[in-house]
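Participant: If it helps, the file is called run08.txt and holds compact mmCIF, C-alpha atoms:
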# COMPACT_ATOMS: atom_id res chain seq x y z
CA MET A 1331 8.42 166.80 52.19
CA VAL A 1332 8.97 168.89 55.32
CA ARG A 1333 6.02 168.75 57.69
CA PRO A 1334 4.92 172.07 59.21
CA THR A 1335 5.79 172.49 62.86
CA SER A 1336 3.57 173.96 65.52
CA ARG A 1337 4.49 177.46 66.68
CA VAL A 1338 3.24 179.08 69.86
CA SER A 1339 3.12 182.84 69.37
CA LYS A 1340 3.46 185.52 72.01
CA VAL A 1341 0.52 187.70 73.02
CA LEU A 1342 0.69 191.48 72.91
CA MET A 1343 -1.36 192.85 75.79
CA THR A 1344 -2.34 196.45 76.47
CA GLY A 1345 -4.68 198.06 78.95
CA PRO A 1346 -4.93 197.81 82.74
CA LEU A 1347 -4.14 194.08 82.89
CA ALA A 1348 -0.91 194.30 80.87
CA PRO A 1349 1.40 194.67 83.94
CA PHE A 1350 0.12 191.36 85.32
CA ALA A 1351 0.50 189.25 82.18
CA ASP A 1352 3.71 187.62 83.37
CA ALA A 1353 2.28 186.72 86.78
CA TYR A 1354 -0.80 185.27 85.09
CA ALA A 1355 1.31 183.24 82.65
CA LEU A 1356 3.35 181.87 85.55
CA GLU A 1357 0.18 180.83 87.38
CA LEU A 1358 -1.06 179.03 84.27
CA LYS A 1359 2.23 177.15 84.15
CA HIS A 1360 1.90 176.18 87.82
CA ARG A 1361 -1.59 174.84 87.07
CA CYS A 1362 -0.11 172.66 84.31
CA TYR A 1363 -1.71 174.45 81.34
CA THR A 1364 -0.02 173.56 78.06
CA SER A 1365 1.83 176.23 76.11
CA LEU A 1366 -0.85 176.48 73.44
CA THR A 1367 -3.68 176.64 75.98
CA SER A 1368 -1.79 179.30 77.94
CA VAL A 1369 -1.54 181.42 74.81
CA ASN A 1370 -5.29 181.12 74.28
CA GLN A 1371 -5.92 182.15 77.89
CA LEU A 1372 -3.59 185.12 77.54
CA ARG A 1373 -5.39 186.20 74.38
CA GLN A 1374 -8.66 186.12 76.27
CA VAL A 1375 -7.18 188.24 79.08
CA ALA A 1376 -5.87 190.65 76.45
CA ARG A 1377 -9.43 191.04 75.13
CA LEU A 1378 -10.65 191.53 78.69
CA SER A 1379 -8.00 194.19 79.27
CA ASN A 1380 -9.12 196.07 76.15
CA TRP A 1381 -12.74 195.72 77.24
CA LEU A 1382 -11.91 197.25 80.63
CA GLU A 1383 -9.93 200.06 79.00
CA VAL A 1384 -12.81 201.01 76.68
CA ARG A 1385 -15.15 201.20 79.68
CA ARG A 1386 -12.55 203.11 81.72
CA LEU A 1387 -12.45 200.46 84.40
CA GLY A 1388 -9.37 199.60 86.42
CA VAL A 1389 -8.06 196.41 87.96
CA ALA A 1390 -9.61 197.28 91.30
CA GLU A 1391 -13.07 197.16 89.69
CA LEU A 1392 -12.64 193.69 88.21
CA THR A 1393 -14.97 191.28 90.00
CA GLY A 1394 -16.72 188.03 89.24
CA GLU A 1395 -19.73 189.99 88.02
CA ARG A 1396 -17.51 191.96 85.63
CA VAL A 1397 -16.15 188.66 84.33
CA GLU A 1398 -19.70 187.48 83.62
CA GLU A 1399 -20.44 190.76 81.83
CA PHE A 1400 -17.35 190.29 79.69
CA LEU A 1401 -18.32 186.70 78.82
CA ALA A 1402 -21.80 187.90 77.86
CA PHE A 1403 -20.14 190.53 75.65
CA GLN A 1404 -18.05 187.86 73.94
CA ARG A 1405 -21.09 185.69 73.31
CA GLY A 1406 -22.92 188.68 71.90
CA ALA A 1407 -19.97 189.39 69.61
CA GLY A 1408 -20.31 185.91 68.11
CA ARG A 1409 -17.33 184.28 69.77
CA HIS A 1410 -17.78 180.55 70.15
CA ARG A 1411 -17.48 178.67 73.43
CA ALA A 1412 -14.02 177.42 72.43
CA GLN A 1413 -12.82 181.04 72.30
CA TRP A 1414 -13.67 181.92 75.90
CA SER A 1415 -12.98 180.24 79.20
CA ARG A 1416 -14.53 181.14 82.53
CA PRO A 1417 -11.98 179.06 84.54
CA GLY A 1418 -9.15 180.96 82.89
CA LEU A 1419 -10.61 184.30 83.95
CA LEU A 1420 -11.27 183.02 87.46
CA CYS A 1421 -7.61 182.03 87.57
CA LEU A 1422 -6.77 185.64 86.72
CA LEU A 1423 -8.95 186.82 89.61
CA ASP A 1424 -7.04 184.49 91.93
CA VAL A 1425 -3.76 186.06 90.82
CA LEU A 1426 -5.07 189.59 91.36
CA HIS A 1427 -6.56 188.69 94.74
CA ARG A 1428 -3.22 187.26 95.81
CA LEU A 1429 -1.56 190.51 94.80
CA GLY A 1430 -4.17 192.48 96.74
CA LEU A 1431 -5.38 194.32 93.64
CA ALA A 1432 -8.78 192.92 92.69
CA ALA A 1433 -11.91 194.09 94.44
CA LYS A 1434 -13.30 191.86 97.15
CA GLU A 1435 -16.52 190.14 96.28
CA PRO A 1436 -19.50 191.57 98.16
CA VAL A 1437 -20.98 189.28 100.76
CA ARG A 1438 -24.38 188.22 99.50
CA VAL A 1439 -27.12 187.32 101.93
CA GLY A 1440 -29.23 184.71 100.21
CA SER A 1441 -31.85 182.17 101.05
CA PRO A 1442 -31.02 179.03 103.06
CA THR A 1443 -30.88 177.13 99.78
CA ASP A 1444 -28.34 179.61 98.36
CA VAL A 1445 -26.21 179.27 101.50
CA LEU A 1446 -26.37 175.49 101.23
CA LEU A 1447 -25.37 175.53 97.57
CA ASP A 1448 -22.47 177.90 98.27
CA SER A 1449 -21.21 175.58 101.02
CA PHE A 1450 -21.67 172.59 98.72
CA GLU A 1451 -19.59 174.25 96.01
CA ARG A 1452 -16.79 175.06 98.45
CA TYR A 1453 -16.87 171.44 99.60
CA LEU A 1454 -16.55 170.18 96.03
CA LEU A 1455 -13.63 172.48 95.28
CA ALA A 1456 -11.72 172.16 98.56
CA GLU A 1457 -12.52 168.67 99.83
CA ARG A 1458 -13.25 166.75 96.64
CA GLY A 1459 -10.77 168.66 94.47
CA LEU A 1460 -13.14 168.91 91.50
CA ALA A 1461 -12.52 171.24 88.60
CA VAL A 1462 -14.43 174.52 88.65
CA GLY A 1463 -16.63 173.57 85.71
CA THR A 1464 -17.49 170.17 87.19
CA ALA A 1465 -18.28 171.67 90.58
CA ARG A 1466 -20.62 174.23 89.05
CA GLY A 1467 -22.39 171.50 87.10
CA TYR A 1468 -22.90 169.53 90.32
CA VAL A 1469 -24.29 172.65 92.00
CA CYS A 1470 -26.79 173.13 89.17
CA HIS A 1471 -27.94 169.52 89.52
CA ALA A 1472 -28.24 169.97 93.28
CA ALA A 1473 -30.30 173.13 92.82
CA ARG A 1474 -32.79 171.28 90.61
CA PHE A 1475 -33.12 168.54 93.18
CA LEU A 1476 -33.68 171.00 96.04
CA ALA A 1477 -36.25 172.92 94.02
CA GLY A 1478 -38.37 169.78 93.72
CA LEU A 1479 -38.50 169.09 97.46
CA SER A 1480 -41.41 169.74 99.76
CA PRO A 1481 -41.42 172.88 101.95
CA SER A 1482 -40.03 170.85 104.86
CA GLY A 1483 -36.77 170.55 102.93
CA LEU A 1484 -33.96 168.10 103.59
CA ALA A 1485 -35.20 167.00 107.00
CA ASP A 1486 -37.87 164.71 105.57
CA VAL A 1487 -36.11 163.49 102.41
CA THR A 1488 -36.51 159.77 101.80
CA ALA A 1489 -35.09 157.27 99.34
CA ALA A 1490 -38.39 157.50 97.45
CA ASP A 1491 -37.85 161.24 96.96
CA VAL A 1492 -34.40 160.55 95.53
CA THR A 1493 -35.77 157.91 93.16
CA ARG A 1494 -38.57 160.21 91.99
CA ALA A 1495 -36.06 162.98 91.29
CA VAL A 1496 -33.92 160.66 89.15
CA LEU A 1497 -36.97 159.38 87.26
CA ARG A 1498 -38.20 162.92 86.69
CA GLU A 1499 -34.82 163.94 85.32
CA SER A 1500 -34.49 160.86 83.10
CA GLY A 1501 -37.84 161.64 81.47
CA ALA A 1502 -36.74 165.13 80.45
CA VAL A 1503 -33.09 164.82 79.37
CA SER A 1504 -30.73 162.38 77.69
CA VAL A 1505 -29.11 159.38 79.32
CA SER A 1506 -25.71 161.10 79.65
CA ALA A 1507 -27.33 164.20 81.21
CA THR A 1508 -29.19 161.98 83.67
CA GLN A 1509 -25.92 160.25 84.60
CA ASN A 1510 -24.39 163.67 85.34
CA PHE A 1511 -27.44 164.57 87.43
CA VAL A 1512 -27.09 161.38 89.47
CA ALA A 1513 -23.39 162.11 90.07
CA GLY A 1514 -24.20 165.60 91.35
CA LEU A 1515 -27.10 164.32 93.43
CA ARG A 1516 -24.96 161.67 95.10
CA ALA A 1517 -22.34 164.26 95.97
CA LEU A 1518 -25.00 166.53 97.48
CA LEU A 1519 -26.52 163.74 99.57
CA ARG A 1520 -23.10 162.71 100.90
CA PHE A 1521 -22.31 166.33 101.73
CA CYS A 1522 -25.61 166.81 103.59
CA PHE A 1523 -25.00 163.64 105.60
CA VAL A 1524 -21.43 164.66 106.51
CA GLU A 1525 -22.62 168.13 107.55
CA GLY A 1526 -25.36 166.66 109.72
CA LEU A 1527 -28.18 168.09 107.61
CA MET A 1528 -29.51 164.57 107.02
CA HIS A 1529 -29.57 161.73 109.53
CA VAL A 1530 -29.19 159.01 106.89
CA ASP A 1531 -26.77 158.78 103.96
CA LEU A 1532 -29.13 158.48 100.99
CA SER A 1533 -26.44 158.74 98.32
CA ARG A 1534 -26.83 155.03 97.55
CA ALA A 1535 -30.51 155.61 96.80
CA ALA A 1536 -29.49 157.48 93.63
CA LEU A 1537 -29.08 154.38 91.51
CA PRO A 1538 -26.72 154.51 88.52
CA VAL A 1539 -28.25 155.08 85.09
CA THR A 1540 -27.07 152.75 82.35
CA GLY A 1541 -26.64 153.85 78.76
CA ARG A 1542 -28.65 152.61 75.83
CA ARG A 1543 -25.73 150.64 74.47
CA ARG A 1544 -24.66 147.55 76.30
CA SER A 1545 -21.26 146.14 75.44
CA ALA A 1546 -20.95 142.38 75.72
CA LEU A 1547 -18.22 140.86 77.83
CA PRO A 1548 -15.16 139.75 75.84
CA GLN A 1549 -15.53 136.18 74.64
CA GLY A 1550 -12.87 133.58 75.24
CA ILE A 1551 -11.62 131.14 72.64
CA THR A 1552 -12.17 127.42 72.37
CA ARG A 1553 -9.60 124.64 72.58
CA ALA A 1554 -9.79 124.12 68.83
CA GLU A 1555 -9.25 127.80 68.15
CA ALA A 1556 -6.29 127.94 70.53
CA ARG A 1557 -4.75 124.88 68.88
CA ALA A 1558 -5.34 126.36 65.42
CA LEU A 1559 -3.63 129.60 66.41
CA LEU A 1560 -0.56 127.81 67.73
CA GLN A 1561 -0.33 125.51 64.72
CA SER A 1562 -0.63 128.44 62.32
CA CYS A 1563 2.72 129.85 63.52
CA ASP A 1564 5.56 128.97 61.15
CA ARG A 1565 8.25 128.35 63.74
CA ARG A 1566 10.90 128.10 61.04
CA SER A 1567 10.83 131.91 60.77
CA ALA A 1568 11.64 134.55 63.40
CA LEU A 1569 8.16 136.05 63.13
CA GLY A 1570 6.53 132.66 63.57
CA ARG A 1571 8.63 131.87 66.64
CA ARG A 1572 7.78 135.27 68.12
CA ASP A 1573 4.06 134.76 67.45
CA TYR A 1574 4.13 131.26 68.92
CA ALA A 1575 5.86 132.49 72.09
CA LEU A 1576 3.38 135.34 72.39
CA ILE A 1577 0.27 133.22 71.92
CA ILE A 1578 1.33 130.42 74.24
CA THR A 1579 2.27 132.97 76.92
CA LEU A 1580 -1.16 134.57 76.69
CA LEU A 1581 -2.95 131.22 76.74
CA ARG A 1582 -0.98 129.43 79.43
CA LEU A 1583 -0.68 132.35 81.90
CA GLY A 1584 -3.88 134.30 81.12
CA LEU A 1585 -2.03 137.63 80.95
CA ARG A 1586 -3.16 140.87 79.40
CA ARG A 1587 -1.53 142.03 76.19
CA SER A 1588 0.05 145.00 77.98
CA GLU A 1589 1.53 142.70 80.62
CA VAL A 1590 3.16 140.49 78.00
CA ALA A 1591 4.42 143.49 76.05
CA ALA A 1592 6.04 144.91 79.22
CA LEU A 1593 8.04 141.76 80.03
CA HIS A 1594 11.82 142.14 80.09
CA ILE A 1595 14.58 139.58 80.19
CA ASP A 1596 15.33 140.53 83.80
CA ASP A 1597 11.73 139.68 84.71
CA ILE A 1598 12.36 136.00 83.94
CA ASP A 1599 14.09 133.88 86.57
CA TRP A 1600 15.17 130.89 84.48
CA ARG A 1601 16.63 128.92 87.41
CA ALA A 1602 13.51 129.26 89.58
CA SER A 1603 11.18 128.92 86.56
CA GLU A 1604 9.33 132.11 87.53
CA LEU A 1605 8.61 135.43 85.92
CA THR A 1606 7.59 138.82 87.36
CA VAL A 1607 4.53 140.42 85.79
CA VAL A 1608 3.80 144.13 86.19
CA GLY A 1609 0.04 144.66 86.13
CA LYS A 1610 -2.34 147.55 86.70
CA GLY A 1611 -1.27 150.12 89.26
CA ALA A 1612 2.35 148.96 88.98
CA ARG A 1613 1.41 145.81 90.87
CA GLN A 1614 4.05 143.07 90.59
CA ASP A 1615 3.26 139.36 90.77
CA ARG A 1616 5.55 136.37 90.48
CA LEU A 1617 4.09 133.56 88.42
CA PRO A 1618 5.42 130.09 87.66
CA LEU A 1619 6.97 129.81 84.23
CA PRO A 1620 5.57 126.73 82.44
CA ALA A 1621 8.18 124.70 80.61
CA ASP A 1622 6.53 125.12 77.20
CA VAL A 1623 6.30 128.91 77.64
CA GLY A 1624 9.95 129.15 78.69
CA GLU A 1625 11.04 126.96 75.78
CA ALA A 1626 9.06 129.08 73.31
CA ILE A 1627 10.58 132.35 74.56
CA ALA A 1628 14.09 130.87 74.74
CA SER A 1629 13.75 129.41 71.24
CA TYR A 1630 13.06 132.84 69.82
CA LEU A 1631 15.72 134.61 71.92
CA ARG A 1632 18.44 132.16 70.92
CA ARG A 1633 17.86 133.02 67.26
CA ALA A 1634 17.29 136.75 67.82
CA PRO A 1635 20.52 137.91 69.51
CA GLY A 1636 19.68 141.57 68.93
CA GLN A 1637 16.72 141.38 71.31
CA ARG A 1638 17.59 142.31 74.87
CA SER A 1639 14.11 142.12 76.40
CA ALA A 1640 11.03 139.99 76.15
CA GLY A 1641 9.20 143.27 75.68
CA GLY A 1642 11.06 143.73 72.42
CA VAL A 1643 10.27 140.17 71.43
CA LEU A 1644 6.62 140.04 72.39
CA ALA A 1645 5.64 143.69 72.22
CA CYS A 1646 3.16 143.43 69.34
CA PRO A 1647 0.23 141.26 70.46
CA GLY A 1648 -2.05 143.37 68.29
CA ALA A 1649 -0.13 142.19 65.23
CA VAL A 1650 -0.98 138.57 66.00
CA ARG A 1651 -4.56 139.57 66.52
CA ARG A 1652 -4.63 141.14 63.07
CA ASP A 1653 -2.64 138.46 61.24
CA ARG A 1654 -4.34 135.50 62.89
CA GLY A 1655 -7.64 137.12 63.89
CA GLY A 1656 -11.11 135.70 63.82
CA HIS A 1657 -10.71 133.63 66.97
CA GLY A 1658 -11.93 136.12 69.59
CA ARG A 1659 -9.97 137.55 72.50
CA LEU A 1660 -6.63 136.19 73.57
CA ASP A 1661 -5.45 138.38 76.42
CA GLY A 1662 -6.87 137.52 79.82
CA ALA A 1663 -7.89 134.01 78.68
CA TRP A 1664 -7.82 131.14 81.14
CA GLY A 1665 -4.71 129.01 81.14
CA VAL A 1666 -4.84 125.92 78.98
CA PRO A 1667 -3.03 122.60 79.17
CA ALA A 1668 0.33 122.27 77.47
CA SER A 1669 -1.15 119.60 75.23
CA TRP A 1670 -3.06 122.30 73.37
CA GLY A 1671 0.11 123.32 71.63
CA SER A 1672 0.98 119.81 70.55
Output the file's structure as structure tokens, nothing else.
Facilitator:
Amino acid sequence: MVRPTSRVSKVLMTGPLAPFADAYALELKHRCYTSLTSVNQLRQVARLSNWLEVRRLGVAELTGERVEEFLAFQRGAGRHRAQWSRPGLLCLLDVLHRLGLAAKEPVRVGSPTDVLLDSFERYLLAERGLAVGTARGYVCHAARFLAGLSPSGLADVTAADVTRAVLRESGAVSVSATQNFVAGLRALLRFCFVEGLMHVDLSRAALPVTGRRRSALPQGITRAEARALLQSCDRRSALGRRDYALIITLLRLGLRRSEVAALHIDDIDWRASELTVVGKGARQDRLPLPADVGEAIASYLRRAPGQRSAGGVLACPGAVRRDRGGHGRLDGAWGVPASWGS
């Protein structure tokens, strides 16, 4: 049976934005949009172009406010959130601004709070490198915090004010929403301290909010369970020798499953009885190779000539966990004496 393949179709665009479709598509590519997502963004711009044409508006009249009007029109037409994207349209505005075609946004004179929030958003986008949607969410959280302050504003904010704001938010919204509020609040407090608007960095006063579910730490295994696992391996078969080498490597060296699976033959220095382990962040560590671990790996390799790497030999720790499960977590366990395998 032939499985259907995915096909990315081209978008037919008419209206005032049609001449800039190629430049917009190239910008989406530079921003690492996938092909399918780019097509969806181009379809949205095609609808925007038709919307402008019906209203007899040109490219020069396309502003952020027009974008919001268009999004409101799409919502009113029953289009779901998945069918429209504000960041995609803002990307189009960037392209048109770069070409000198889109209208310049009018300078708005707002309240001191509005000016602060505008500066905060620019800080999030330029200095922190946050996505547009995330930055706007942080700004909304910051606005709620500022609205609850006393008339004196930021000058007299204390850690107690920060705690009260978090408690007030947690009593009105879900745990995940409160966690997002705390993230935005911390960013605002750091920004105000850096800008000199606050004399003390109160970002640490916004304590993290834990979820309702608490996951227990992974449990280790006992000596008896480790011995039972090793003895359950039928070392007369290739699979049993592989499983034995895998388990004893995990137990004796306390490695993660991914670290064992990534081992190659070249990582093992047989003469020096050492092996190189690649951990998180591409960190490399040289560990002593216990005699029983080296013998277990060599025993399997001698009878599996087709294997050219320890990764190929020991790359399936999950299989051992399924076949010989019921004894808790293996990877990351503390090393155990060689006598455990006897």
Participant: Tell me, in Å to one decimal, how far atom CA of A:Leu1460 is from atom CA of A:Leu1519.
Facilitator: 16.5 Å
Participant: Considering all atoms listed in the file, can you say which of A:Glu1604, A:Glu1357, A:Glu1383, A:Asp1486 comes closest to A:Met1528?
Facilitator: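 Among A:Glu1604, A:Glu1357, A:Glu1383, A:Asp1486, it is A:Asp1486 that comes nearest to A:Met1528.
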Participant: Would you mind telling me which residue in A:Leu1537, A:Leu1631, A:Val1445, A:Val1341 lies nearest to A:Ala1568 when using all atoms listed in the file?
Facilitator: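 Between A:Leu1537, A:Leu1631, A:Val1445, A:Val1341, the residue approaching A:Ala1568 most closely is A:Leu1631.
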Participant: I need the residue nearest A:Thr1540 from this list: A:Phe1350, A:Val1505, A:Arg1416, A:Ile1598. Use only C-alpha atoms for the distance.
Facilitator: A:Val1505
Participant: Distance atom CA of A:Glu1451-atom CA of A:Ser1365, one decimal place?
Facilitator: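 Between atom CA of A:Glu1451 and atom CA of A:Ser1365 the gap works out to 29.3 Å.
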Participant: May I have the protein, DNA and RNA residues with an atom at most 9 Å from (-26.2, 166.6, 93.0), counting all atoms listed in the file in the file's coordinates, returned as a PyMOL selection string?
Facilitator: chain A and resi 1467-1475+1510-1519
Participant: Which of these residues is nearest to A:Ala1353, using all atoms listed in the file: A:Arg1452, A:Arg1373, A:Arg1428, A:Arg1458?
Facilitator: A:Arg1428
Participant: Using all atoms listed in the file, list the residues that have an atom at most 9 Å from (-4.9, 181.5, 78.7), coordinates as in the file, as a list in words.
Facilitator: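 Every polymer residue passing the test: Tyr1354, Ala1355, Leu1358, Tyr1363, Ser1365, Leu1366, Thr1367, Ser1368, Val1369, Asn1370, Gln1371, Leu1372, Arg1373, Gln1374, Val1375, Ser1415, Gly1418 and Leu1419 of chain A.
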Participant: Pick out the closest residue to A:Ser1588 from this set: A:Ala1602, A:Gly1463, A:Leu1423, A:Gly1609. Count only C-alpha atoms.
Facilitator: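 Closest to A:Ser1588 of all the choices is A:Gly1609.
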Participant: Could you give me, as a VMD selection string, the residues within 9 Å of A:Phe1523, counting only C-alpha atoms and dropping anything in the same chain fewer than 6 positions from it?
Facilitator: chain A and resid 1529 to 1533
Participant: With distances taken over only C-alpha atoms, which residue among A:Leu1580, A:Ala1628, A:Val1607, A:Ala1556 lies nearest A:Leu1593?
Facilitator: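 For A:Leu1593, the nearest of the given residues is A:Val1607.
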Participant: Which distance in Å separates atom CA of A:Arg1566 and atom CA of A:Ile1578, to one decimal?
Facilitator: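 Computing it gives 16.5 Å between the two atoms.
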